[in-house]
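File shown: model_12.csv. Contents: CSV, C-alpha atoms.
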chain,number,residue,atom,x,y,z
A,614,MET,CA,0.0,0.0,0.0
A,615,LYS,CA,1.3,3.4,-0.8
A,616,TYR,CA,2.2,5.9,1.9
A,617,LEU,CA,-0.8,7.7,3.2
A,618,CYS,CA,-0.3,11.2,4.5
A,619,PRO,CA,-2.6,12.1,7.4
A,620,ASN,CA,-3.4,15.5,5.8
A,621,GLU,CA,-4.5,13.7,2.6
A,622,LEU,CA,-7.6,12.3,4.2
A,623,LYS,CA,-8.2,15.4,6.2
A,624,VAL,CA,-8.3,17.5,3.1
A,625,VAL,CA,-10.7,15.1,1.4
A,626,ALA,CA,-12.9,14.9,4.6
A,627,ILE,CA,-13.2,18.7,4.8
A,628,SER,CA,-15.0,19.0,1.6
A,629,TYR,CA,-17.0,15.8,2.1
A,630,VAL,CA,-18.4,17.1,5.4
A,631,PHE,CA,-20.2,19.8,3.5
A,632,ILE,CA,-21.7,17.2,1.2
A,633,ILE,CA,-22.7,14.6,3.8
A,634,THR,CA,-24.1,17.0,6.5
A,635,PRO,CA,-27.4,17.7,4.8
A,636,PHE,CA,-28.0,14.0,4.3
A,637,ILE,CA,-27.3,13.2,8.0
A,638,LEU,CA,-29.8,15.9,8.9
A,639,LEU,CA,-32.3,14.5,6.3
A,640,LEU,CA,-31.9,11.1,7.8
A,641,LEU,CA,-32.4,12.4,11.4
A,642,VAL,CA,-35.6,14.3,10.4
A,643,LYS,CA,-37.0,11.3,8.5
A,644,LEU,CA,-36.2,9.0,11.5
A,645,LEU,CA,-37.8,11.3,14.0
A,646,THR,CA,-40.9,11.8,11.8
A,647,GLY,CA,-41.2,8.1,10.9
A,648,GLU,CA,-41.1,8.8,7.2
A,649,TYR,CA,-38.6,6.1,6.3
A,650,LYS,CA,-39.9,5.5,2.8
A,651,ASP,CA,-39.3,9.2,1.9
A,652,LEU,CA,-35.5,8.6,2.2
A,653,LEU,CA,-35.7,6.3,-0.8
A,654,LEU,CA,-38.1,8.4,-2.8
A,655,THR,CA,-36.3,11.7,-2.6
A,656,GLY,CA,-34.1,12.7,-5.5
A,657,ASP,CA,-31.5,14.4,-3.3
A,658,TRP,CA,-29.2,11.4,-3.4
A,659,SER,CA,-28.8,11.8,-7.2
A,660,ILE,CA,-28.2,15.5,-7.1
A,661,ALA,CA,-25.5,15.0,-4.4
A,662,SER,CA,-23.9,12.4,-6.6
A,663,ALA,CA,-23.8,14.7,-9.6
A,664,MET,CA,-22.3,17.4,-7.4
A,665,ILE,CA,-19.6,15.1,-6.0
A,666,TYR,CA,-18.6,14.0,-9.5
A,667,SER,CA,-18.6,17.5,-10.8
A,668,SER,CA,-16.4,18.8,-8.0
A,669,SER,CA,-14.0,15.9,-8.6
A,670,ILE,CA,-13.5,17.0,-12.2
A,671,ILE,CA,-12.8,20.6,-11.0
A,672,ASN,CA,-10.4,19.5,-8.2
A,673,VAL,CA,-8.4,17.1,-10.3
A,674,ARG,CA,-8.2,19.5,-13.3
A,675,ASN,CA,-7.0,22.3,-11.1
A,676,ALA,CA,-4.4,20.1,-9.5
A,677,THR,CA,-3.0,19.2,-13.0
A,678,ARG,CA,-2.6,22.7,-14.3
A,679,LYS,CA,1.0,23.0,-13.1
A,680,TYR,CA,1.9,19.9,-15.1
A,681,ASP,CA,1.2,21.4,-18.5
A,682,GLY,CA,2.8,19.1,-21.1
A,683,LYS,CA,4.1,16.8,-18.4
A,684,ILE,CA,1.0,14.7,-17.8
A,685,ASN,CA,-0.7,11.9,-19.7
A,686,GLU,CA,-3.4,14.0,-21.4
A,687,VAL,CA,-5.3,10.9,-22.7
A,688,ALA,CA,-5.6,9.5,-19.1
A,689,LEU,CA,-6.8,12.9,-17.9
A,690,ASP,CA,-9.3,13.2,-20.7
A,691,TRP,CA,-10.5,9.6,-19.9
A,692,PHE,CA,-10.9,10.5,-16.2
A,693,MET,CA,-12.9,13.6,-17.1
A,694,THR,CA,-15.1,11.8,-19.6
A,695,ILE,CA,-16.0,8.9,-17.2
A,696,THR,CA,-16.5,11.3,-14.3
A,697,GLY,CA,-18.7,13.5,-16.5
A,698,VAL,CA,-20.7,10.5,-17.6
A,699,MET,CA,-21.3,9.4,-14.0
A,700,SER,CA,-22.5,12.9,-13.2
A,701,ALA,CA,-24.9,12.8,-16.2
A,702,ILE,CA,-26.2,9.3,-15.1
A,703,SER,CA,-26.8,10.8,-11.6
A,704,VAL,CA,-28.8,13.6,-13.1
A,705,THR,CA,-30.8,11.2,-15.3
A,706,ILE,CA,-31.6,9.0,-12.3
A,707,TYR,CA,-32.7,12.2,-10.5
A,708,VAL,CA,-35.2,13.0,-13.3
A,709,VAL,CA,-36.5,9.4,-13.3
A,710,ALA,CA,-36.9,9.6,-9.5
A,711,LEU,CA,-39.0,12.8,-10.0
A,712,MET,CA,-41.2,11.3,-12.7
A,713,GLN,CA,-41.6,7.8,-11.5
A,714,PRO,CA,-40.4,7.4,-7.9
A,715,SER,CA,-39.9,3.9,-6.7
A,716,ILE,CA,-38.0,2.0,-4.1
A,717,TRP,CA,-35.7,0.5,-6.7
A,718,ILE,CA,-34.9,3.9,-8.1
A,719,GLY,CA,-34.2,5.1,-4.5
A,720,LEU,CA,-31.9,2.2,-3.9
A,721,LEU,CA,-30.1,2.9,-7.2
A,722,GLN,CA,-29.7,6.5,-6.1
A,723,ILE,CA,-28.2,5.5,-2.8
A,724,ALA,CA,-25.8,3.0,-4.5
A,725,LEU,CA,-24.7,5.8,-6.9
A,726,PHE,CA,-24.2,8.2,-3.9
A,727,ILE,CA,-22.0,5.6,-2.2
A,728,ALA,CA,-20.0,5.1,-5.4
A,729,ALA,CA,-19.7,8.9,-5.8
A,730,SER,CA,-18.5,9.1,-2.2
A,731,PHE,CA,-15.7,6.6,-2.8
A,732,ALA,CA,-14.8,8.4,-6.0
A,733,HIS,CA,-14.6,11.6,-4.0
A,734,ILE,CA,-12.1,10.1,-1.6
A,735,LYS,CA,-10.0,8.6,-4.4
A,736,PHE,CA,-10.0,11.7,-6.6
A,737,GLY,CA,-9.5,14.0,-3.6
A,738,ARG,CA,-6.4,12.0,-2.6
A,739,LEU,CA,-5.2,12.2,-6.2
A,740,ALA,CA,-5.7,16.0,-6.3
A,741,TYR,CA,-3.9,16.4,-3.0
A,742,ARG,CA,-0.9,14.4,-4.1
A,743,LEU,CA,-0.7,16.3,-7.4
A,744,GLU,CA,-0.8,19.6,-5.6
A,745,THR,CA,1.8,18.7,-3.0
A,746,ALA,CA,4.2,16.9,-5.3
A,747,ASN,CA,7.6,18.5,-5.8
Translate the structure described by the file into structure tokens.
Amino acid sequence: MKYLCPNELKVVAISYVFIITPFILLLLVKLLTGEYKDLLLTGDWSIASAMIYSSSIINVRNATRKYDGKINEVALDWFMTITGVMSAISVTIYVVALMQPSIWIGLLQIALFIAASFAHIKFGRLAYRLETAN
């Protein structure tokens, strides 16, 4: 396993706290009101996933600016394309959730949110390493 700098996870966690806090509050409100099913039927999960993927694109792209001409542009373009597609899928699932809410769509949204959260950690660490490299 590669060396893990303690600041690396802290930097990633700082931005993630702003993403996850509304969902923790949403969860608490739904638990207190007994409206558990609403957690699955809300489209908020998909919007958050799209925001996570979009912010990952910006963070990684900003971190690569100082490497002009010294970075694998094809790999960077591939990362940006796949991440953009994941963001578009999240927005599409959001629209489907608004038009035809169902438990399966809700579960899909939550799965996409979890995947986006792991991507946020991975790409946040990448951006940190690129920004702090000599």
Subject >> Surrounding residues of Thr705 of chain A excluding itself and chain neighbours under 6 positions, 10 Å, all atoms listed in the file, as a ChimeraX atom specification >> reply: /A:659-660,663,699,711
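Atom CA of Gly682 of chain A sits 28.8 Å away from atom CA of Ser628 of chain A.
Residues surrounding Glu744 of chain A within 9 Å are Asn675, Ala676, Thr677, Lys679, Leu739 and Ala740 of chain A [all atoms listed in the file; sequence separation below 4 positions excluded].
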Take the selection from the previous step and output its residues with C-alpha atoms, as a PDB file, in the frame of the given file.
ATOM      1  CA  ASN A 675      -7.000  22.300 -11.100  1.00  0.00           C
ATOM      2  CA  ALA A 676      -4.400  20.100  -9.500  1.00  0.00           C
ATOM      3  CA  THR A 677      -3.000  19.200 -13.000  1.00  0.00           C
ATOM      4  CA  LYS A 679       1.000  23.000 -13.100  1.00  0.00           C
ATOM      5  CA  LEU A 739      -5.200  12.200  -6.200  1.00  0.00           C
ATOM      6  CA  ALA A 740      -5.700  16.000  -6.300  1.00  0.00           C
TER       7      ALA A 740
END
Subject >> Interatomic distance (Å, one decimal) between atom CA of Lys683 of chain A and atom CA of Gly697 of chain A >> reply: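 One can read the atom CA of Lys683 of chain A to atom CA of Gly697 of chain A distance as 23.1 Å.
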**OP:** Find the spatial neighbours of Asn620 of chain A, counting only C-alpha atoms, within a cut-off of 12 Å - ignore same-chain residues fewer than 2 positions away - and output them as a list in words.
**Re:** Tyr616, Leu617, Cys618, Leu622, Lys623, Val624, Val625, Ala626, Ile627, Gly737, Arg738, Tyr741, Arg742 and Thr745 of chain A
Original post:
With all atoms listed in the file as the basis for distance, which of A:Ile671, A:Ala729, A:Ala688, A:Ile716 is at the shortest distance from Ile632 of chain A?
Top reply: A:Ala729
Subject >> Selection: 9 Å around segment 689-695 of chain A, all atoms listed in the file, excl. self and same-chain fewer than 3 positions, as a list in words >> reply: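 What passes the distance filter is Ser669, Ile670, Val673, Arg674, Thr677, Ile684, Asn685, Glu686, Val698, Met699 and Ser700 of chain A.
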Long-range neighbours of Gly656 of chain A as a tab-separated table (two decimals) with C-alpha atoms, keeping the file's coordinate frame, 9 Å cut-off, only C-alpha atoms, 5 positions minimum in chain:
chain	number	residue	atom	x	y	z
A	661	ALA	CA	-25.50	15.00	-4.40
A	706	ILE	CA	-31.60	9.00	-12.30
A	707	TYR	CA	-32.70	12.20	-10.50
A	708	VAL	CA	-35.20	13.00	-13.30
A	709	VAL	CA	-36.50	9.40	-13.30
A	710	ALA	CA	-36.90	9.60	-9.50
A	711	LEU	CA	-39.00	12.80	-10.00
A	714	PRO	CA	-40.40	7.40	-7.90
A	719	GLY	CA	-34.20	5.10	-4.50
A	722	GLN	CA	-29.70	6.50	-6.10
**OP:** Please indicate the distance in Å from atom CA of Phe631 of chain A to atom CA of Phe736 of chain A, rounded to one decimal place.
**Re:**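 These two atoms are separated by 16.5 Å.
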**OP:** Determine the nearest neighbour of Thr696 of chain A from the options A:Leu645, A:Ala728, A:Ala746, A:Met712, counting all atoms listed in the file.
**Re:**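 Closest candidate: A:Ala728.
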Original post:
Which protein, DNA or RNA residues have an atom at most 12 Å from (-43.1, 2.5, -3.7), counting all atoms listed in the file? List them as a PyMOL selection string.
Top reply: chain A and resi 649-655+710+713-720
Original post:
From the list A:His733, A:Met664, A:Val687, A:Leu743, which residue is nearest Ile702 of chain A when using all atoms listed in the file?
Top reply: A:Met664
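The closest residue to Ala724 of chain A, picked from A:Asn672, A:Tyr680, A:Trp658, A:Ser667 and counting only C-alpha atoms, is A:Trp658.
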